[in-house]
file target28.cif (mmCIF, C-alpha atoms and all ligand atoms)
data_structure
loop_
_atom_site.label_atom_id
_atom_site.label_comp_id
_atom_site.auth_asym_id
_atom_site.auth_seq_id
_atom_site.Cartn_x
_atom_site.Cartn_y
_atom_site.Cartn_z
CA MET E 1 13.51 -21.32 4.61
CA ARG E 2 13.15 -18.63 1.95
CA ASP E 3 9.92 -18.27 0.02
CA ILE E 4 10.19 -18.67 -3.74
CA LYS E 5 8.29 -15.40 -4.27
CA SER E 6 11.01 -13.42 -2.50
CA LEU E 7 13.45 -14.11 -5.35
CA THR E 8 14.13 -11.96 -8.37
CA LEU E 9 14.45 -13.53 -11.82
CA GLU E 10 18.24 -13.31 -11.59
CA GLU E 11 18.20 -15.18 -8.29
CA LEU E 12 15.90 -17.85 -9.70
CA GLN E 13 18.13 -18.24 -12.73
CA GLU E 14 21.18 -18.59 -10.53
CA GLN E 15 19.50 -21.25 -8.39
CA LEU E 16 18.34 -23.24 -11.40
CA ARG E 17 21.78 -23.00 -12.96
CA ALA E 18 23.29 -24.39 -9.78
CA TRP E 19 20.88 -27.33 -10.12
CA GLN E 20 21.99 -27.85 -13.74
CA GLN E 21 18.57 -26.99 -15.12
CA PRO E 22 18.13 -25.56 -18.63
CA ALA E 23 17.77 -21.77 -18.76
CA TYR E 24 14.12 -21.83 -19.88
CA ARG E 25 13.04 -23.33 -16.55
CA ALA E 26 13.22 -19.87 -14.95
CA SER E 27 10.54 -18.45 -17.18
CA GLN E 28 8.41 -21.57 -16.74
CA LEU E 29 8.67 -20.99 -13.02
CA THR E 30 7.80 -17.29 -13.14
CA ASP E 31 4.90 -18.10 -15.42
CA TRP E 32 3.45 -20.49 -12.81
CA LEU E 33 4.08 -18.06 -9.98
CA TYR E 34 2.99 -14.73 -11.45
CA ARG E 35 0.65 -15.54 -14.35
CA GLN E 36 -1.03 -18.75 -13.26
CA ARG E 37 -0.60 -17.78 -9.61
CA VAL E 38 -0.48 -21.38 -8.44
CA THR E 39 -0.21 -22.14 -4.74
CA SER E 40 1.82 -25.36 -4.84
CA PHE E 41 4.91 -26.63 -6.61
CA ASP E 42 2.94 -29.74 -7.51
CA ALA E 43 0.70 -27.69 -9.77
CA MET E 44 3.69 -26.78 -11.99
CA THR E 45 3.01 -29.66 -14.32
CA ASN E 46 5.54 -28.85 -17.04
CA LEU E 47 8.42 -29.01 -14.57
CA PRO E 48 10.00 -32.43 -14.02
CA ARG E 49 8.84 -34.10 -10.81
CA GLY E 50 12.41 -34.15 -9.48
CA LEU E 51 12.72 -30.39 -9.85
CA ARG E 52 9.36 -29.78 -8.19
CA GLU E 53 10.49 -31.89 -5.25
CA GLN E 54 13.79 -30.07 -5.06
CA LEU E 55 12.01 -26.72 -5.08
CA ALA E 56 9.69 -27.88 -2.31
CA ARG E 57 12.64 -29.00 -0.21
CA GLU E 58 14.52 -25.72 -0.58
CA PHE E 59 11.74 -23.12 -0.69
CA THR E 60 8.33 -22.42 0.72
CA LEU E 61 5.49 -21.33 -1.57
CA ARG E 62 3.12 -19.63 0.78
CA SER E 63 -0.10 -17.85 0.03
CA LEU E 64 -2.27 -15.59 2.13
CA SER E 65 -5.44 -16.99 3.57
CA LEU E 66 -8.53 -14.85 3.30
CA VAL E 67 -10.26 -14.17 6.62
CA THR E 68 -12.97 -11.83 5.38
CA VAL E 69 -13.74 -9.66 2.39
CA GLN E 70 -15.97 -6.65 2.83
CA GLY E 71 -17.65 -4.82 0.00
CA SER E 72 -19.22 -1.42 -0.36
CA ASP E 73 -21.66 0.10 -2.82
CA ASP E 74 -18.96 1.53 -5.05
CA ALA E 75 -17.40 -1.93 -5.48
CA THR E 76 -14.44 -1.24 -3.23
CA ARG E 77 -13.36 -4.50 -1.65
CA LYS E 78 -11.45 -4.83 1.55
CA PHE E 79 -9.52 -8.01 2.28
CA LEU E 80 -8.38 -9.19 5.67
CA TRP E 81 -5.60 -11.77 5.29
CA ARG E 82 -4.05 -14.13 7.78
CA LEU E 83 -0.31 -14.65 7.46
CA PRO E 84 1.41 -17.98 8.12
CA ASP E 85 2.25 -16.89 11.69
CA GLY E 86 -1.36 -15.89 12.39
CA ALA E 87 -0.85 -12.13 12.08
CA LEU E 88 -3.54 -10.15 10.26
CA ILE E 89 -3.05 -7.61 7.48
CA GLU E 90 -5.31 -5.78 5.05
CA SER E 91 -5.42 -4.88 1.37
CA VAL E 92 -8.08 -2.78 -0.34
CA LEU E 93 -9.10 -3.09 -3.99
CA ILE E 94 -10.42 0.18 -5.36
CA PRO E 95 -11.99 0.43 -8.81
CA ALA E 96 -11.00 3.17 -11.23
CA ASN E 97 -10.99 6.63 -9.78
CA PRO E 98 -9.71 9.06 -12.39
CA ALA E 99 -7.65 12.06 -11.29
CA LEU E 100 -6.15 10.33 -8.30
CA TYR E 101 -2.98 8.32 -8.82
CA GLY E 102 -1.65 7.27 -12.19
CA GLU E 103 -3.52 8.12 -15.36
CA ALA E 104 -5.55 5.26 -16.78
CA ALA E 105 -9.27 5.33 -16.07
CA ASP E 106 -9.68 1.57 -16.42
CA ARG E 107 -7.38 0.72 -13.62
CA GLN E 108 -7.89 -1.29 -10.48
CA THR E 109 -5.87 0.02 -7.61
CA LEU E 110 -4.73 -2.20 -4.79
CA CYS E 111 -3.73 -0.65 -1.49
CA VAL E 112 -1.19 -2.93 0.20
CA SER E 113 0.27 -3.24 3.69
CA THR E 114 3.97 -3.38 4.46
CA GLN E 115 4.09 -4.15 8.19
CA VAL E 116 2.02 -5.80 10.90
CA GLY E 117 1.04 -2.78 12.97
CA CYS E 118 3.03 0.43 12.85
CA ALA E 119 5.63 1.97 15.13
CA TYR E 120 4.94 5.57 14.18
CA GLY E 121 1.84 6.02 16.29
CA CYS E 122 0.04 8.83 14.47
CA LYS E 123 -2.68 9.83 16.91
CA PHE E 124 -5.55 9.47 14.46
CA CYS E 125 -4.61 6.12 12.92
CA ALA E 126 -5.90 2.63 13.67
CA SER E 127 -2.78 0.88 12.38
CA GLY E 128 -0.52 2.12 15.13
CA LEU E 129 -2.89 1.53 18.04
CA ASP E 130 -1.37 -1.78 19.05
CA GLY E 131 2.16 -0.79 18.14
CA TRP E 132 4.47 -2.51 15.71
CA LYS E 133 4.70 -6.30 15.45
CA ARG E 134 6.98 -7.02 12.50
CA ASN E 135 7.95 -6.21 8.95
CA LEU E 136 6.27 -8.08 6.12
CA GLY E 137 8.54 -10.31 4.08
CA VAL E 138 9.04 -9.65 0.36
CA GLU E 139 6.67 -12.50 -0.54
CA GLU E 140 4.00 -11.26 1.86
CA ILE E 141 3.91 -7.93 0.05
CA VAL E 142 3.91 -9.60 -3.38
CA GLU E 143 1.25 -12.11 -2.33
CA GLN E 144 -1.27 -9.39 -1.52
CA VAL E 145 -1.46 -8.66 -5.25
CA LEU E 146 -1.49 -12.30 -6.31
CA ALA E 147 -4.06 -13.38 -3.72
CA THR E 148 -6.34 -10.49 -4.72
CA GLU E 149 -6.02 -11.49 -8.36
CA ARG E 150 -6.80 -15.10 -7.50
CA TRP E 151 -9.92 -13.90 -5.72
CA ALA E 152 -10.92 -11.69 -8.70
CA ALA E 153 -10.38 -14.53 -11.16
CA ALA E 154 -12.52 -16.88 -9.07
CA ARG E 155 -15.30 -14.28 -8.98
CA ALA E 156 -15.12 -13.64 -12.69
CA ALA E 157 -15.41 -17.39 -13.27
CA GLU E 158 -18.52 -17.51 -11.08
CA ALA E 159 -20.25 -14.56 -12.77
CA PRO E 160 -22.94 -15.46 -15.34
CA ALA E 161 -21.52 -15.07 -18.85
CA ASP E 162 -24.09 -12.46 -19.94
CA LEU E 163 -23.20 -10.13 -17.07
CA PRO E 164 -20.05 -8.06 -17.09
CA ALA E 165 -17.67 -9.05 -14.33
CA GLU E 166 -17.86 -6.70 -11.41
CA ASN E 167 -14.20 -5.83 -11.52
CA PRO E 168 -13.30 -6.49 -15.14
CA ALA E 169 -9.61 -7.05 -15.61
CA THR E 170 -8.19 -5.09 -18.53
CA SER E 171 -5.56 -7.72 -19.22
CA ASP E 172 -5.07 -11.00 -17.49
CA ARG E 173 -4.19 -8.92 -14.42
CA ALA E 174 -6.85 -7.60 -12.11
CA VAL E 175 -4.50 -5.14 -10.41
CA ASN E 176 -2.76 -2.53 -12.52
CA ASN E 177 -2.14 0.24 -10.04
CA LEU E 178 -0.63 0.04 -6.57
CA VAL E 179 -0.68 2.37 -3.60
CA ILE E 180 1.52 1.46 -0.67
CA MET E 181 -0.88 2.92 1.86
CA GLY E 182 -2.09 0.00 3.89
CA MET E 183 -0.93 -0.87 7.35
CA GLY E 184 2.59 0.12 8.33
CA GLU E 185 5.22 2.65 7.34
CA PRO E 186 6.57 1.46 3.98
CA LEU E 187 9.90 3.25 4.22
CA ALA E 188 10.60 1.61 7.59
CA ASN E 189 10.60 -1.74 5.74
CA TYR E 190 12.69 -0.33 2.93
CA ASP E 191 14.64 -3.32 1.62
CA ASN E 192 11.73 -5.75 1.57
CA LEU E 193 9.45 -3.14 0.04
CA LEU E 194 11.86 -2.29 -2.76
CA LYS E 195 12.51 -5.89 -3.60
CA ALA E 196 8.78 -6.67 -3.61
CA LEU E 197 8.13 -3.67 -5.86
CA ALA E 198 10.91 -4.76 -8.23
CA ILE E 199 9.11 -8.12 -8.55
CA LEU E 200 5.69 -6.50 -8.96
CA ASN E 201 7.09 -4.06 -11.51
CA ALA E 202 9.00 -6.64 -13.61
CA PRO E 203 7.47 -7.85 -16.89
CA TRP E 204 7.98 -11.46 -15.72
CA GLY E 205 6.33 -10.63 -12.35
CA GLY E 206 3.42 -8.33 -11.57
CA ASN E 207 4.02 -6.23 -14.69
CA ILE E 208 2.75 -3.05 -13.00
CA GLY E 209 4.43 0.09 -14.34
CA ALA E 210 6.62 1.99 -11.88
CA ARG E 211 4.62 5.16 -12.52
CA LYS E 212 1.55 3.27 -11.39
CA ILE E 213 3.09 2.54 -8.02
CA THR E 214 2.75 5.18 -5.29
CA ILE E 215 4.62 4.86 -2.01
CA SER E 216 3.15 6.77 0.92
CA THR E 217 5.26 7.85 3.87
CA SER E 218 4.61 9.72 7.07
CA GLY E 219 7.90 11.51 6.46
CA LEU E 220 11.05 9.41 6.94
CA CYS E 221 13.55 11.87 5.50
CA PRO E 222 16.69 9.72 5.05
CA GLN E 223 14.65 7.05 3.27
CA ILE E 224 12.96 9.62 1.02
CA ARG E 225 16.43 10.68 -0.10
CA ARG E 226 17.46 7.08 -0.56
CA LEU E 227 14.37 6.42 -2.66
CA ALA E 228 15.27 9.39 -4.82
CA GLU E 229 18.48 7.58 -5.78
CA GLU E 230 16.71 4.41 -6.92
CA PRO E 231 16.49 3.93 -10.67
CA ALA E 232 12.77 3.04 -10.57
CA GLN E 233 10.34 5.93 -11.07
CA TYR E 234 7.91 5.31 -8.26
CA ARG E 235 5.57 8.07 -7.21
CA LEU E 236 5.82 9.45 -3.72
CA ALA E 237 2.97 10.52 -1.47
CA ILE E 238 3.83 12.39 1.70
CA SER E 239 1.31 12.17 4.53
CA LEU E 240 1.46 15.77 5.58
CA HIS E 241 -1.76 16.34 7.54
CA GLY E 242 -0.49 19.65 8.86
CA ALA E 243 1.36 22.56 7.25
CA THR E 244 2.96 23.85 10.45
CA ASP E 245 5.08 22.05 13.03
CA ALA E 246 2.55 22.92 15.74
CA VAL E 247 -0.20 20.98 14.00
CA ARG E 248 2.01 18.11 12.84
CA ASP E 249 3.61 17.72 16.27
CA ARG E 250 0.19 17.32 17.80
CA ILE E 251 -0.92 14.40 15.62
CA MET E 252 2.26 12.84 14.18
CA PRO E 253 5.10 11.97 16.58
CA VAL E 254 7.43 11.45 13.60
CA ASN E 255 7.46 15.22 13.15
CA ARG E 256 9.59 15.62 16.28
CA LYS E 257 12.29 13.55 14.66
CA TYR E 258 11.92 15.00 11.16
CA PRO E 259 10.28 18.42 11.41
CA LEU E 260 8.72 20.13 8.42
CA ARG E 261 11.86 21.99 7.41
CA GLU E 262 13.68 18.68 6.93
CA LEU E 263 10.71 16.95 5.37
CA VAL E 264 10.29 19.69 2.80
CA ALA E 265 14.01 19.59 1.99
CA ALA E 266 13.84 15.82 1.46
CA GLY E 267 10.72 16.27 -0.67
CA GLU E 268 12.43 18.92 -2.77
CA TYR E 269 15.36 16.60 -3.27
CA TYR E 270 13.02 13.81 -4.44
CA GLN E 271 11.18 16.19 -6.71
CA ALA E 272 14.41 17.48 -8.25
CA ARG E 273 15.67 13.96 -8.98
CA LYS E 274 12.40 12.50 -10.18
CA GLY E 275 10.27 15.27 -11.66
CA ARG E 276 6.70 16.02 -10.69
CA MET E 277 5.82 12.92 -8.81
CA ILE E 278 4.82 14.02 -5.34
CA THR E 279 1.36 14.09 -3.82
CA LEU E 280 0.69 15.63 -0.44
CA GLU E 281 -1.88 13.66 1.50
CA TYR E 282 -3.89 15.79 3.88
CA ILE E 283 -6.62 14.20 5.97
CA LEU E 284 -9.07 16.76 7.23
CA ILE E 285 -9.71 16.44 10.96
CA ALA E 286 -12.27 18.78 12.49
CA GLY E 287 -10.77 21.51 14.60
CA VAL E 288 -7.24 20.14 14.24
CA ASN E 289 -5.93 20.92 10.76
CA ASP E 290 -8.88 22.35 8.85
CA GLY E 291 -8.53 25.96 9.96
CA SER E 292 -7.78 28.91 7.69
CA ASP E 293 -4.34 29.26 9.34
CA GLN E 294 -3.19 26.11 7.49
CA VAL E 295 -4.25 27.29 4.04
CA LYS E 296 -1.39 29.58 3.11
CA PRO E 297 1.45 27.45 4.53
CA LEU E 298 -0.04 24.39 2.83
CA ALA E 299 -0.38 26.13 -0.52
CA ASP E 300 3.19 27.48 -0.22
CA LEU E 301 4.54 24.04 0.57
CA ALA E 302 2.74 22.45 -2.36
CA ARG E 303 4.11 25.09 -4.68
CA ARG E 304 7.67 24.53 -3.48
CA LEU E 305 7.36 20.79 -4.07
CA HIS E 306 5.39 21.11 -7.34
CA ALA E 307 2.99 18.79 -5.59
CA LYS E 308 -0.69 18.15 -5.83
CA ILE E 309 -2.69 18.15 -2.59
CA ASN E 310 -5.02 15.28 -1.92
CA LEU E 311 -7.59 16.20 0.73
CA ILE E 312 -9.19 13.21 2.46
CA PRO E 313 -11.98 13.65 4.99
CA TYR E 314 -10.97 11.82 8.16
CA ASN E 315 -12.42 8.37 8.63
CA ARG E 316 -13.59 7.83 12.19
CA VAL E 317 -11.73 5.19 14.17
CA GLU E 318 -13.59 3.38 16.88
CA GLY E 319 -12.26 4.38 20.26
CA LEU E 320 -10.63 7.61 19.03
CA SER E 321 -12.29 10.96 19.44
CA TRP E 322 -11.18 12.70 16.21
CA GLU E 323 -13.97 13.73 13.84
CA ARG E 324 -14.26 14.55 10.17
CA PRO E 325 -15.30 18.14 9.37
CA THR E 326 -18.71 18.79 7.83
CA GLU E 327 -18.86 18.65 4.03
CA GLU E 328 -19.39 22.38 4.06
CA SER E 329 -16.13 23.07 5.86
CA GLN E 330 -14.30 20.50 3.71
CA ASP E 331 -15.46 22.43 0.64
CA ARG E 332 -14.48 25.72 2.24
CA PHE E 333 -10.95 24.45 2.90
CA LEU E 334 -10.63 23.22 -0.69
CA ALA E 335 -11.87 26.51 -2.11
CA ALA E 336 -9.45 28.50 0.05
CA LEU E 337 -6.55 26.34 -1.11
CA GLU E 338 -7.47 26.80 -4.74
CA LYS E 339 -7.78 30.51 -4.19
CA ALA E 340 -4.27 30.46 -2.73
CA GLY E 341 -3.07 28.95 -6.01
CA ALA E 342 -2.67 25.31 -4.96
CA SER E 343 -3.68 22.32 -7.02
CA ALA E 344 -5.90 20.23 -4.79
CA THR E 345 -8.54 17.53 -4.98
CA LEU E 346 -11.02 16.52 -2.32
CA ARG E 347 -11.50 12.80 -2.18
CA ARG E 348 -14.70 11.76 -0.49
CA GLU E 349 -13.16 8.56 0.73
CA LYS E 350 -14.06 5.55 -1.36
CA GLY E 351 -15.04 2.59 0.70
CA HIS E 352 -15.39 4.68 3.81
CA GLU E 353 -18.47 2.75 4.79
CA ILE E 354 -16.38 -0.43 4.91
CA ASP E 355 -13.67 0.90 7.18
CA ALA E 356 -11.29 1.42 4.30
CA ALA E 357 -8.86 3.60 6.19
CA CYS E 358 -5.72 1.90 7.18
CA GLY E 359 -5.81 -0.66 9.95
CA GLN E 360 -9.49 -0.40 10.75
CA LEU E 361 -10.73 -3.79 9.62
CA ARG E 362 -7.91 -5.56 11.42
CA LEU E 363 -8.59 -3.53 14.52
CA LYS E 364 -12.24 -4.56 14.52
CA HIS E 365 -11.45 -8.18 13.86
CA THR E 366 -8.88 -8.33 16.63
CA ALA E 367 -11.24 -6.57 19.01
CA SER E 368 -14.09 -8.96 18.26
CA GLU E 369 -11.79 -11.93 18.87
CA ALA E 370 -10.42 -10.43 22.07
CA GLN E 371 -13.47 -9.03 23.79
CA PRO E 372 -17.22 -9.61 23.90
CA PRO E 373 -19.25 -7.18 21.79
CA GLY E 374 -20.17 -3.97 23.57
CA SER E 375 -17.26 -3.97 26.00
CA ALA E 376 -15.19 -0.82 26.40
CA PRO E 377 -13.15 0.40 23.43
CA LYS E 378 -9.65 1.79 23.79
CA PRO E 379 -9.39 5.19 25.44
CA ALA E 380 -8.93 8.08 23.04
CA PRO E 381 -5.49 9.71 23.09
CA GLY E 382 -4.73 13.43 22.81
N1 LIG U 1 2.43 4.86 6.96
C1 LIG U 1 2.23 5.46 5.69
C2 LIG U 1 1.31 4.67 4.78
C3 LIG U 1 0.11 4.05 5.42
S1 LIG U 1 -1.14 5.15 5.99
C4 LIG U 1 1.73 6.87 5.84
O1 LIG U 1 1.40 7.27 6.94
O2 LIG U 1 1.74 7.57 4.85
C5 LIG U 1 -1.90 5.66 4.48
C6 LIG U 1 -2.66 6.94 4.61
O3 LIG U 1 -3.88 6.77 5.35
C7 LIG U 1 -1.86 8.03 5.32
O4 LIG U 1 -1.94 9.25 4.63
C8 LIG U 1 -2.57 8.07 6.65
O5 LIG U 1 -2.33 9.26 7.31
C9 LIG U 1 -4.00 7.86 6.25
N2 LIG U 1 -4.91 7.52 7.35
C10 LIG U 1 -4.63 6.88 8.49
N3 LIG U 1 -5.72 6.80 9.28
C11 LIG U 1 -6.72 7.41 8.62
C12 LIG U 1 -8.09 7.66 8.91
N4 LIG U 1 -8.65 7.24 10.02
N5 LIG U 1 -8.82 8.33 7.99
C13 LIG U 1 -8.26 8.76 6.83
N6 LIG U 1 -6.98 8.54 6.49
C14 LIG U 1 -6.21 7.89 7.38
FE1 LIG U 2 1.78 4.39 10.77
FE2 LIG U 2 0.98 5.71 8.57
FE3 LIG U 2 -0.77 5.06 10.52
FE4 LIG U 2 1.06 6.96 10.96
S1 LIG U 2 -0.62 7.02 9.46
S2 LIG U 2 0.50 5.29 12.38
S3 LIG U 2 2.80 6.15 9.84
S4 LIG U 2 0.34 3.66 9.22
#
call {"tool": "encode", "arguments": {"input": "target28.cif", "output": "structure tokens"}}
result
Amino acid sequence: MRDIKSLTLEELQEQLRAWQQPAYRASQLTDWLYRQRVTSFDAMTNLPRGLREQLAREFTLRSLSLVTVQGSDDATRKFLWRLPDGALIESVLIPANPALYGEAADRQTLCVSTQVGCAYGCKFCASGLDGWKRNLGVEEIVEQVLATERWAAARAAEAPADLPAENPATSDRAVNNLVIMGMGEPLANYDNLLKALAILNAPWGGNIGARKITISTSGLCPQIRRLAEEPAQYRLAISLHGATDAVRDRIMPVNRKYPLRELVAAGEYYQARKGRMITLEYILIAGVNDGSDQVKPLADLARRLHAKINLIPYNRVEGLSWERPTEESQDRFLAALEKAGASATLRREKGHEIDAACGQLRLKHTASEAQPPGSAPKPAPG
């Protein structure tokens, strides 16, 4: 059975028309789903009982169940959700961080997942450690935003009236910026992702501007080109993590399929179609990609793509042996890049003390369910 939150407004209208319902029912329905964020058809009290029953017979209306929420000092919140089939995924709510993605300083960014696990197996990443399980459905991507907003609304209601809410919503929406950087490779779940983003972008849905939505990819070239043809103006982040094939090959198996030459060509194509909307993500891993040999090729690449470089100190993953460089060598790498004429920022990872990097909370949770504390972690690759 399809979930009601996997349908666009046009599809809802068509369904309601087929049931001989008046046209205004569609906007009543989207209002319940995306503004009130109800979790049952029964709660849609201005719809006739017969229609509610018909909806419940034909569609599911599923929501994510919260397993844990972790907080850190800077008010980053990390959610671990359980899906209807028991699988676990994560979303991370990050308060305003100017100069990163999008423009507004009052925004709340949500980092969402697109798959259970990941097939791409980057050597440093927790998400790929157990391989790929499945794609998320459209409604499972959409629900991450709605469930987070439900949580934020419940917290705001609990807060004493004389205290400002911890994560004040600027409108009735708690989330106004999206980064598709959670678990999974977004462009490997292309159709579901694009439909979910169309719903989250629509004024009747999530109402999040396309320019406030950033899709991150490890470098799937055909899909980058396909995305360039879409009418929506989403931003693109490319997880580069190495400016030469030698470095990329060592840590990202995807580079053997789509080496840098192809990735840069696809990036240039995207840039040419969309304007300046590319960010290059570059996690700094000690002794792997933080050497001076990467500086010039990285700066050259960024220039060709008119891209900004986002340096992110590596977040340690339990069981893996990669390390983040010292702050001193992070700063040295940044300074060298700037000297080489690149536009770069160094992001001291928000929420790093709560395992904010992709896949880490799920990994811990699964490990604690599967094995007694203190037993052996996974062997480190590479
Ligand atoms: N699969 C997509 C999106 C999810 S990963 C991609 O790879 O782009 C989102 C970002 O987190 C990527 O840039 C990824 O390389 C980075 N990342 C993964 N593990 C990390 C870690 N341990 N520390 C810091 N960043 C990490
Ligand atoms: Fe998958 Fe991205 Fe992690 Fe690579 S970094 S394993 S593509 S989630």
call {"tool": "closest_residue", "arguments": {"input": "target28.cif", "among": "E:Leu263, E:Ala154, E:Ala202, E:Ile283", "to": "ligand LIG 2 (chain U)", "atoms": "only C-alpha atoms and all ligand atoms"}}
result
E:Ile283
call {"tool": "atom_distance", "arguments": {"input": "target28.cif", "atom1": "atom O4 of ligand LIG 1 (chain U)", "atom2": "CA of Phe333 in chain E"}}
result
17.8 Å
call {"tool": "residues_near_ligand", "arguments": {"input": "target28.cif", "ligand": "ligand LIG 1 (chain U)", "cutoff": "6 Å", "atoms": "all atoms listed in the file", "output": "PDB file with C-alpha atoms, keeping the file's coordinate frame"}}
result
ATOM      1  CA  PHE E 124      -5.550   9.470  14.460  1.00  0.00           C
ATOM      2  CA  CYS E 125      -4.610   6.120  12.920  1.00  0.00           C
ATOM      3  CA  MET E 181      -0.880   2.920   1.860  1.00  0.00           C
ATOM      4  CA  GLY E 182      -2.090   0.000   3.890  1.00  0.00           C
ATOM      5  CA  MET E 183      -0.930  -0.870   7.350  1.00  0.00           C
ATOM      6  CA  GLY E 184       2.590   0.120   8.330  1.00  0.00           C
ATOM      7  CA  GLU E 185       5.220   2.650   7.340  1.00  0.00           C
ATOM      8  CA  SER E 216       3.150   6.770   0.920  1.00  0.00           C
ATOM      9  CA  THR E 217       5.260   7.850   3.870  1.00  0.00           C
ATOM     10  CA  SER E 218       4.610   9.720   7.070  1.00  0.00           C
ATOM     11  CA  SER E 239       1.310  12.170   4.530  1.00  0.00           C
ATOM     12  CA  GLU E 281      -1.880  13.660   1.500  1.00  0.00           C
ATOM     13  CA  ILE E 283      -6.620  14.200   5.970  1.00  0.00           C
ATOM     14  CA  TYR E 314     -10.970  11.820   8.160  1.00  0.00           C
ATOM     15  CA  ASN E 315     -12.420   8.370   8.630  1.00  0.00           C
ATOM     16  CA  ARG E 316     -13.590   7.830  12.190  1.00  0.00           C
ATOM     17  CA  VAL E 317     -11.730   5.190  14.170  1.00  0.00           C
ATOM     18  CA  ALA E 357      -8.860   3.600   6.190  1.00  0.00           C
ATOM     19  CA  CYS E 358      -5.720   1.900   7.180  1.00  0.00           C
TER      20      CYS E 358
END
call {"tool": "residues_near_point", "arguments": {"input": "target28.cif", "point": "(11.7, -22.6, -20.0)", "cutoff": "12 Å", "atoms": "only C-alpha atoms", "output": "mmCIF file with C-alpha atoms, keeping the file's coordinate frame"}}
result
data_model
loop_
_atom_site.group_PDB
_atom_site.id
_atom_site.type_symbol
_atom_site.label_atom_id
_atom_site.label_comp_id
_atom_site.auth_asym_id
_atom_site.auth_seq_id
_atom_site.Cartn_x
_atom_site.Cartn_y
_atom_site.Cartn_z
ATOM 1 C CA GLN E 13 18.130 -18.240 -12.730
ATOM 2 C CA LEU E 16 18.340 -23.240 -11.400
ATOM 3 C CA GLN E 21 18.570 -26.990 -15.120
ATOM 4 C CA PRO E 22 18.130 -25.560 -18.630
ATOM 5 C CA ALA E 23 17.770 -21.770 -18.760
ATOM 6 C CA TYR E 24 14.120 -21.830 -19.880
ATOM 7 C CA ARG E 25 13.040 -23.330 -16.550
ATOM 8 C CA ALA E 26 13.220 -19.870 -14.950
ATOM 9 C CA SER E 27 10.540 -18.450 -17.180
ATOM 10 C CA GLN E 28 8.410 -21.570 -16.740
ATOM 11 C CA LEU E 29 8.670 -20.990 -13.020
ATOM 12 C CA THR E 30 7.800 -17.290 -13.140
ATOM 13 C CA ASP E 31 4.900 -18.100 -15.420
ATOM 14 C CA TRP E 32 3.450 -20.490 -12.810
ATOM 15 C CA ASN E 46 5.540 -28.850 -17.040
ATOM 16 C CA LEU E 47 8.420 -29.010 -14.570
ATOM 17 C CA PRO E 48 10.000 -32.430 -14.020
#
call {"tool": "atom_distance", "arguments": {"input": "target28.cif", "atom1": "CA of Arg347 in chain E", "atom2": "CA of Ile141 in chain E"}}
result
25.9 Å
call {"tool": "residues_near_ligand", "arguments": {"input": "target28.cif", "ligand": "ligand LIG 2 (chain U)", "cutoff": "12 Å", "atoms": "all atoms listed in the file", "output": "PyMOL selection string"}}
result
chain E and resi 89-90+112-132+180-189+215-220+237-241+248+251-255+281-283+314-315+317+357-360
call {"tool": "write_last_selection", "arguments": {"input": "target28.cif", "atoms": "C-alpha atoms", "output": "short mmCIF file (atom, residue, chain, number, x, y, z; two decimals), in the frame of the given file"}}
result
data_model
loop_
_atom_site.label_atom_id
_atom_site.label_comp_id
_atom_site.auth_asym_id
_atom_site.auth_seq_id
_atom_site.Cartn_x
_atom_site.Cartn_y
_atom_site.Cartn_z
CA ILE E 89 -3.05 -7.61 7.48
CA GLU E 90 -5.31 -5.78 5.05
CA VAL E 112 -1.19 -2.93 0.20
CA SER E 113 0.27 -3.24 3.69
CA THR E 114 3.97 -3.38 4.46
CA GLN E 115 4.09 -4.15 8.19
CA VAL E 116 2.02 -5.80 10.90
CA GLY E 117 1.04 -2.78 12.97
CA CYS E 118 3.03 0.43 12.85
CA ALA E 119 5.63 1.97 15.13
CA TYR E 120 4.94 5.57 14.18
CA GLY E 121 1.84 6.02 16.29
CA CYS E 122 0.04 8.83 14.47
CA LYS E 123 -2.68 9.83 16.91
CA PHE E 124 -5.55 9.47 14.46
CA CYS E 125 -4.61 6.12 12.92
CA ALA E 126 -5.90 2.63 13.67
CA SER E 127 -2.78 0.88 12.38
CA GLY E 128 -0.52 2.12 15.13
CA LEU E 129 -2.89 1.53 18.04
CA ASP E 130 -1.37 -1.78 19.05
CA GLY E 131 2.16 -0.79 18.14
CA TRP E 132 4.47 -2.51 15.71
CA ILE E 180 1.52 1.46 -0.67
CA MET E 181 -0.88 2.92 1.86
CA GLY E 182 -2.09 0.00 3.89
CA MET E 183 -0.93 -0.87 7.35
CA GLY E 184 2.59 0.12 8.33
CA GLU E 185 5.22 2.65 7.34
CA PRO E 186 6.57 1.46 3.98
CA LEU E 187 9.90 3.25 4.22
CA ALA E 188 10.60 1.61 7.59
CA ASN E 189 10.60 -1.74 5.74
CA ILE E 215 4.62 4.86 -2.01
CA SER E 216 3.15 6.77 0.92
CA THR E 217 5.26 7.85 3.87
CA SER E 218 4.61 9.72 7.07
CA GLY E 219 7.90 11.51 6.46
CA LEU E 220 11.05 9.41 6.94
CA ALA E 237 2.97 10.52 -1.47
CA ILE E 238 3.83 12.39 1.70
CA SER E 239 1.31 12.17 4.53
CA LEU E 240 1.46 15.77 5.58
CA HIS E 241 -1.76 16.34 7.54
CA ARG E 248 2.01 18.11 12.84
CA ILE E 251 -0.92 14.40 15.62
CA MET E 252 2.26 12.84 14.18
CA PRO E 253 5.10 11.97 16.58
CA VAL E 254 7.43 11.45 13.60
CA ASN E 255 7.46 15.22 13.15
CA GLU E 281 -1.88 13.66 1.50
CA TYR E 282 -3.89 15.79 3.88
CA ILE E 283 -6.62 14.20 5.97
CA TYR E 314 -10.97 11.82 8.16
CA ASN E 315 -12.42 8.37 8.63
CA VAL E 317 -11.73 5.19 14.17
CA ALA E 357 -8.86 3.60 6.19
CA CYS E 358 -5.72 1.90 7.18
CA GLY E 359 -5.81 -0.66 9.95
CA GLN E 360 -9.49 -0.40 10.75
#
